[in-house]
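First the structure, in the form of structure tokens, and then the observations on it.
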Amino acid sequence: MIRRKLRYFLLAIILIIVIVGVSIFSSTKITTTSTIGKTIPNNLYNQLIELSDQGYNITALPTYYFKVSPFNFSSNGKTAVIFVGAEWCPYCGAERWALIIALLRFGNFSGLQYMLSSSTDVYPNTPTFTFVNATYTSPYISFYGIEYQDRNYQPLQKVPNQVYYVWSNYANLSIPFIIIGYYYKVGTSIDPGLLSNHNWTYVIEQLHNPNSQIYKEIYAEANLITEMICKVDGGQPYTVCWHFMQNEYIPSIYIGEELRIEK
């Protein structure tokens, strides 16, 4: 009788451990799409700000990832940073994490919303954000986030003619596509598979872990974007740009025809 009770007790303990383990594992997985399109709460936004203040220990990707175009994009007298992507795109989803972290070093967002990449494409349900209803303010740069298709591959936002010209002629309409002044870059170095089918909390937790591959890849990309912005905005603010001055930092000079972009 005692042995039978002990056996039941041990089985109960094992069952509890399995249930807890499954619960912990599931908490990192996508369980609902109900948050898509909702504005992120202040506590999450504050976590993103916190993340933007770290990660400088990761070496930025080489600046040759960016190429030079014949046009210099600006707005209101400030260098324009332009993103062209789509809500369904997992590569865009991964890139947005790095881009947002980099941009928060120079200014502030409002209206960022939750987004998941397509559930039927490669790297399904990559947790990310959308720029559709977001606004960005900075004393140093202007930002234009363009989502040209939604999560269902339908047209969403129009790409301005000047941007479309560079995007089509220099990037063959590939996404994600980023312009920083007269520099541009196609694609992302971040593996969306690291994020796919996880949730936002999981990604943020990984971005606090310097040993995480997500930490290494997102910050390498974020630091590259940061360094390129520093090159074209005169190295401001110093509190951000000094991190990259030892990388043979040379302030860039005006190149190409200036194109002003307005929303």
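Note on naming: chains are A, B, ... as they come in the structure tokens, residues start from 1 per chain, ligands start from 1 in the order shown.
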**Request:** Excluding Val163 (chain A) and any residue of its chain fewer than 3 positions from it, enumerate the residues within 9 Å of it, using only C-alpha atoms, and give them as a PyMOL selection string.
**Result:** chain A and resi 73+82+84+159-160+166-168+179+261
- Task: Using DSSP on the backbone coordinates, identify all residues within region 155-222 of chain A classified as strand (DSSP E); present the result as a ChimeraX atom specification.
- Result: /A:177-180,183-186
Q: Write out as a ChimeraX atom specification each polymer residue whose atoms come within 8 Å of region 235-240 of chain A, counting only C-alpha atoms; drop sequence neighbours fewer than 3 positions from it.
A: /A:105-106,140,229-232,243,251
Selection file, N, CA, C and O atoms, as a PDB file, in the first residue's frame:
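So result.pdb came out as:
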```pdb
ATOM      1  N   ARG A 105      17.798  55.667 -30.443  1.00  0.00           N
ATOM      2  CA  ARG A 105      19.013  56.337 -29.966  1.00  0.00           C
ATOM      3  C   ARG A 105      19.067  57.790 -30.419  1.00  0.00           C
ATOM      4  O   ARG A 105      19.867  58.572 -29.911  1.00  0.00           O
ATOM      5  N   PHE A 106      18.220  58.143 -31.382  1.00  0.00           N
ATOM      6  CA  PHE A 106      18.226  59.497 -31.943  1.00  0.00           C
ATOM      7  C   PHE A 106      16.908  60.244 -31.716  1.00  0.00           C
ATOM      8  O   PHE A 106      16.838  61.449 -31.953  1.00  0.00           O
ATOM      9  N   TYR A 140      17.627  65.297 -34.897  1.00  0.00           N
ATOM     10  CA  TYR A 140      18.771  64.980 -35.752  1.00  0.00           C
ATOM     11  C   TYR A 140      18.376  64.441 -37.128  1.00  0.00           C
ATOM     12  O   TYR A 140      19.047  64.731 -38.127  1.00  0.00           O
ATOM     13  N   ILE A 229      23.936  56.404 -39.591  1.00  0.00           N
ATOM     14  CA  ILE A 229      23.253  57.662 -39.279  1.00  0.00           C
ATOM     15  C   ILE A 229      24.260  58.675 -38.748  1.00  0.00           C
ATOM     16  O   ILE A 229      24.236  59.854 -39.125  1.00  0.00           O
ATOM     17  N   CYS A 230      25.147  58.228 -37.887  1.00  0.00           N
ATOM     18  CA  CYS A 230      26.177  59.125 -37.348  1.00  0.00           C
ATOM     19  C   CYS A 230      27.054  59.697 -38.452  1.00  0.00           C
ATOM     20  O   CYS A 230      27.495  60.845 -38.377  1.00  0.00           O
ATOM     21  N   LYS A 231      27.294  58.914 -39.489  1.00  0.00           N
ATOM     22  CA  LYS A 231      28.131  59.387 -40.585  1.00  0.00           C
ATOM     23  C   LYS A 231      27.494  60.533 -41.349  1.00  0.00           C
ATOM     24  O   LYS A 231      28.195  61.408 -41.866  1.00  0.00           O
ATOM     25  N   VAL A 232      26.171  60.525 -41.444  1.00  0.00           N
ATOM     26  CA  VAL A 232      25.517  61.526 -42.280  1.00  0.00           C
ATOM     27  C   VAL A 232      24.899  62.676 -41.491  1.00  0.00           C
ATOM     28  O   VAL A 232      24.488  63.674 -42.082  1.00  0.00           O
ATOM     29  N   HIS A 243      30.578  55.969 -29.703  1.00  0.00           N
ATOM     30  CA  HIS A 243      30.825  54.523 -29.702  1.00  0.00           C
ATOM     31  C   HIS A 243      31.446  54.048 -31.002  1.00  0.00           C
ATOM     32  O   HIS A 243      32.081  52.992 -31.045  1.00  0.00           O
ATOM     33  N   PRO A 251      33.423  62.031 -40.660  1.00  0.00           N
ATOM     34  CA  PRO A 251      32.133  62.629 -41.042  1.00  0.00           C
ATOM     35  C   PRO A 251      31.981  62.655 -42.550  1.00  0.00           C
ATOM     36  O   PRO A 251      32.894  63.012 -43.283  1.00  0.00           O
TER      37      PRO A 251
END
```
For a test of reading the model, state the distance in Å between CA of Ser69 (chain A) and CA of Gly85 (chain A), rounded to one decimal.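 Between CA of Ser69 (chain A) and CA of Gly85 (chain A) the gap is 19.0 Å.
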Do a neighbour search on region 217-226 of chain A at 9 Å with only C-alpha atoms, toss out local chain neighbours closer than 4 positions, and write the hits as JSON, numbers by chain. {"A": [52, 54, 55, 56, 57, 58, 59, 60, 61, 62, 63, 65, 94, 95, 97, 98, 99, 100, 101, 102, 103, 105, 106, 180, 188, 189, 190, 191, 207, 212, 213, 230, 231, 240, 241, 244]}
I need the residues from that last selection saved to file as a compact mmCIF listing (two decimals), in the first residue's frame (with C-alpha atoms), if you can.
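Wrote selection18.txt, looks like this:
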```
# COMPACT_ATOMS: atom_id res chain seq x y z
CA SER A 52 18.37 51.02 -27.29
CA GLN A 54 22.65 48.85 -24.59
CA GLY A 55 24.21 46.48 -27.11
CA TYR A 56 27.17 48.68 -28.02
CA ASN A 57 29.42 45.80 -26.99
CA ILE A 58 28.50 44.04 -30.23
CA THR A 59 30.65 45.03 -33.19
CA ALA A 60 28.65 46.70 -35.93
CA LEU A 61 28.44 44.94 -39.26
CA PRO A 62 30.86 46.34 -41.89
CA THR A 63 29.68 49.60 -43.43
CA TYR A 65 26.62 46.60 -46.40
CA ALA A 94 13.41 40.92 -38.03
CA GLU A 95 14.96 44.09 -39.46
CA TRP A 97 13.75 45.26 -34.31
CA ALA A 98 17.23 46.50 -35.18
CA LEU A 99 15.93 49.62 -36.92
CA ILE A 100 13.71 50.63 -34.02
CA ILE A 101 16.52 50.12 -31.51
CA ALA A 102 18.82 52.26 -33.66
CA LEU A 103 16.24 55.02 -34.20
CA ARG A 105 19.01 56.34 -29.97
CA PHE A 106 18.23 59.50 -31.94
CA ILE A 180 19.96 56.76 -44.86
CA THR A 188 18.78 41.97 -43.47
CA SER A 189 21.56 40.08 -41.76
CA ILE A 190 19.19 38.86 -39.02
CA ASP A 191 17.87 35.30 -39.23
CA LEU A 207 17.85 41.04 -26.14
CA SER A 212 21.86 34.96 -27.14
CA GLN A 213 22.16 34.71 -30.92
CA CYS A 230 26.18 59.12 -37.35
CA LYS A 231 28.13 59.39 -40.59
CA VAL A 240 25.58 57.79 -29.18
CA CYS A 241 28.09 58.40 -31.95
CA PHE A 244 31.70 54.38 -33.40
```
### Task
Any chance you could list, as a PyMOL selection string, the residues in region 7-188 of chain A that come up alpha helix (DSSP H) when DSSP is run on the backbone?
chain A and resi 7-26+42-52+90-103+161-171
Polymer residues at most 8 Å from Thr137 (chain A), only C-alpha atoms, same-chain spacing of 3 or more positions, as a short mmCIF file (atom, residue, chain, number, x, y, z; two decimals) with all heavy atoms, in the first residue's frame:
```cif
data_model
loop_
_atom_site.label_atom_id
_atom_site.label_comp_id
_atom_site.auth_asym_id
_atom_site.auth_seq_id
_atom_site.Cartn_x
_atom_site.Cartn_y
_atom_site.Cartn_z
N GLY A 107 15.86 59.55 -31.30
CA GLY A 107 14.56 60.21 -31.15
C GLY A 107 13.55 59.29 -30.50
O GLY A 107 13.90 58.33 -29.81
N ASN A 108 12.27 59.59 -30.73
CA ASN A 108 11.20 58.85 -30.06
C ASN A 108 10.07 58.51 -31.04
O ASN A 108 9.79 59.27 -31.98
CB ASN A 108 10.61 59.67 -28.92
CG ASN A 108 11.59 59.81 -27.76
OD1 ASN A 108 11.79 58.88 -27.00
ND2 ASN A 108 12.20 60.98 -27.65
N PHE A 109 9.43 57.37 -30.78
CA PHE A 109 8.28 56.93 -31.55
C PHE A 109 7.00 57.16 -30.75
O PHE A 109 7.00 57.19 -29.52
CB PHE A 109 8.36 55.43 -31.86
CG PHE A 109 9.18 55.07 -33.05
CD1 PHE A 109 10.46 54.57 -32.90
CD2 PHE A 109 8.66 55.20 -34.33
CE1 PHE A 109 11.23 54.21 -33.99
CE2 PHE A 109 9.42 54.84 -35.44
CZ PHE A 109 10.70 54.35 -35.27
N SER A 142 15.00 62.67 -39.81
CA SER A 142 13.59 62.40 -40.09
C SER A 142 13.45 60.93 -40.46
O SER A 142 14.38 60.34 -41.04
CB SER A 142 13.08 63.27 -41.24
OG SER A 142 13.14 64.64 -40.91
N PHE A 143 12.31 60.33 -40.12
CA PHE A 143 12.12 58.92 -40.43
C PHE A 143 10.79 58.71 -41.15
O PHE A 143 9.76 59.28 -40.77
CB PHE A 143 12.13 58.06 -39.17
CG PHE A 143 11.78 56.62 -39.44
CD1 PHE A 143 12.63 55.81 -40.18
CD2 PHE A 143 10.58 56.09 -38.97
CE1 PHE A 143 12.29 54.49 -40.45
CE2 PHE A 143 10.25 54.76 -39.23
CZ PHE A 143 11.11 53.97 -39.97
#
```
Select, from A:Leu195, A:His208, A:Tyr184, A:Ile214, the residue with the minimum atom-to-atom distance to Tyr64 (chain A), counting only C-alpha atoms.
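Looking only at the distances to Tyr64 (chain A), the closest residue turns out to be A:Tyr184.
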task: Would you work out the distance separating CA of Ala86 (chain A) from CA of Thr130 (chain A), expressed in Å to one decimal?
output: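 Interatomic distance, CA of Ala86 (chain A) to CA of Thr130 (chain A): 8.6 Å.
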Env of Thr135 (chain A): 8 Å cut, atoms = only C-alpha atoms, seq-sep filter 5 positions within chain, self excluded. Answer as a JSON list (two decimals) with N, CA and C atoms, in the first residue's frame.
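Result saved to part07.json:
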```json
[["chain", "number", "residue", "atom", "x", "y", "z"],
["A", 109, "PHE", "N", 9.43, 57.37, -30.78],
["A", 109, "PHE", "CA", 8.28, 56.93, -31.55],
["A", 109, "PHE", "C", 7.00, 57.16, -30.75],
["A", 110, "SER", "N", 5.90, 57.27, -31.47],
["A", 110, "SER", "CA", 4.58, 57.12, -30.90],
["A", 110, "SER", "C", 3.75, 56.34, -31.92],
["A", 111, "GLY", "N", 2.82, 55.54, -31.43],
["A", 111, "GLY", "CA", 1.94, 54.81, -32.34],
["A", 111, "GLY", "C", 2.49, 53.54, -32.93],
["A", 112, "LEU", "N", 3.59, 53.03, -32.41],
["A", 112, "LEU", "CA", 4.06, 51.72, -32.88],
["A", 112, "LEU", "C", 3.02, 50.67, -32.55]]
```
To one decimal place in Å, what is the distance between CA of Tyr148 (chain A) and CA of Asp53 (chain A)?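 Taking CA of Tyr148 (chain A) and CA of Asp53 (chain A), their separation equals 30.0 Å.
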For Ser117 (chain A), find every residue with an atom within 7 Å (counting only C-alpha atoms), except residues of its own chain fewer than 6 positions away, and show them as a PyMOL selection string.
chain A and resi 87-90+93+124-127+151
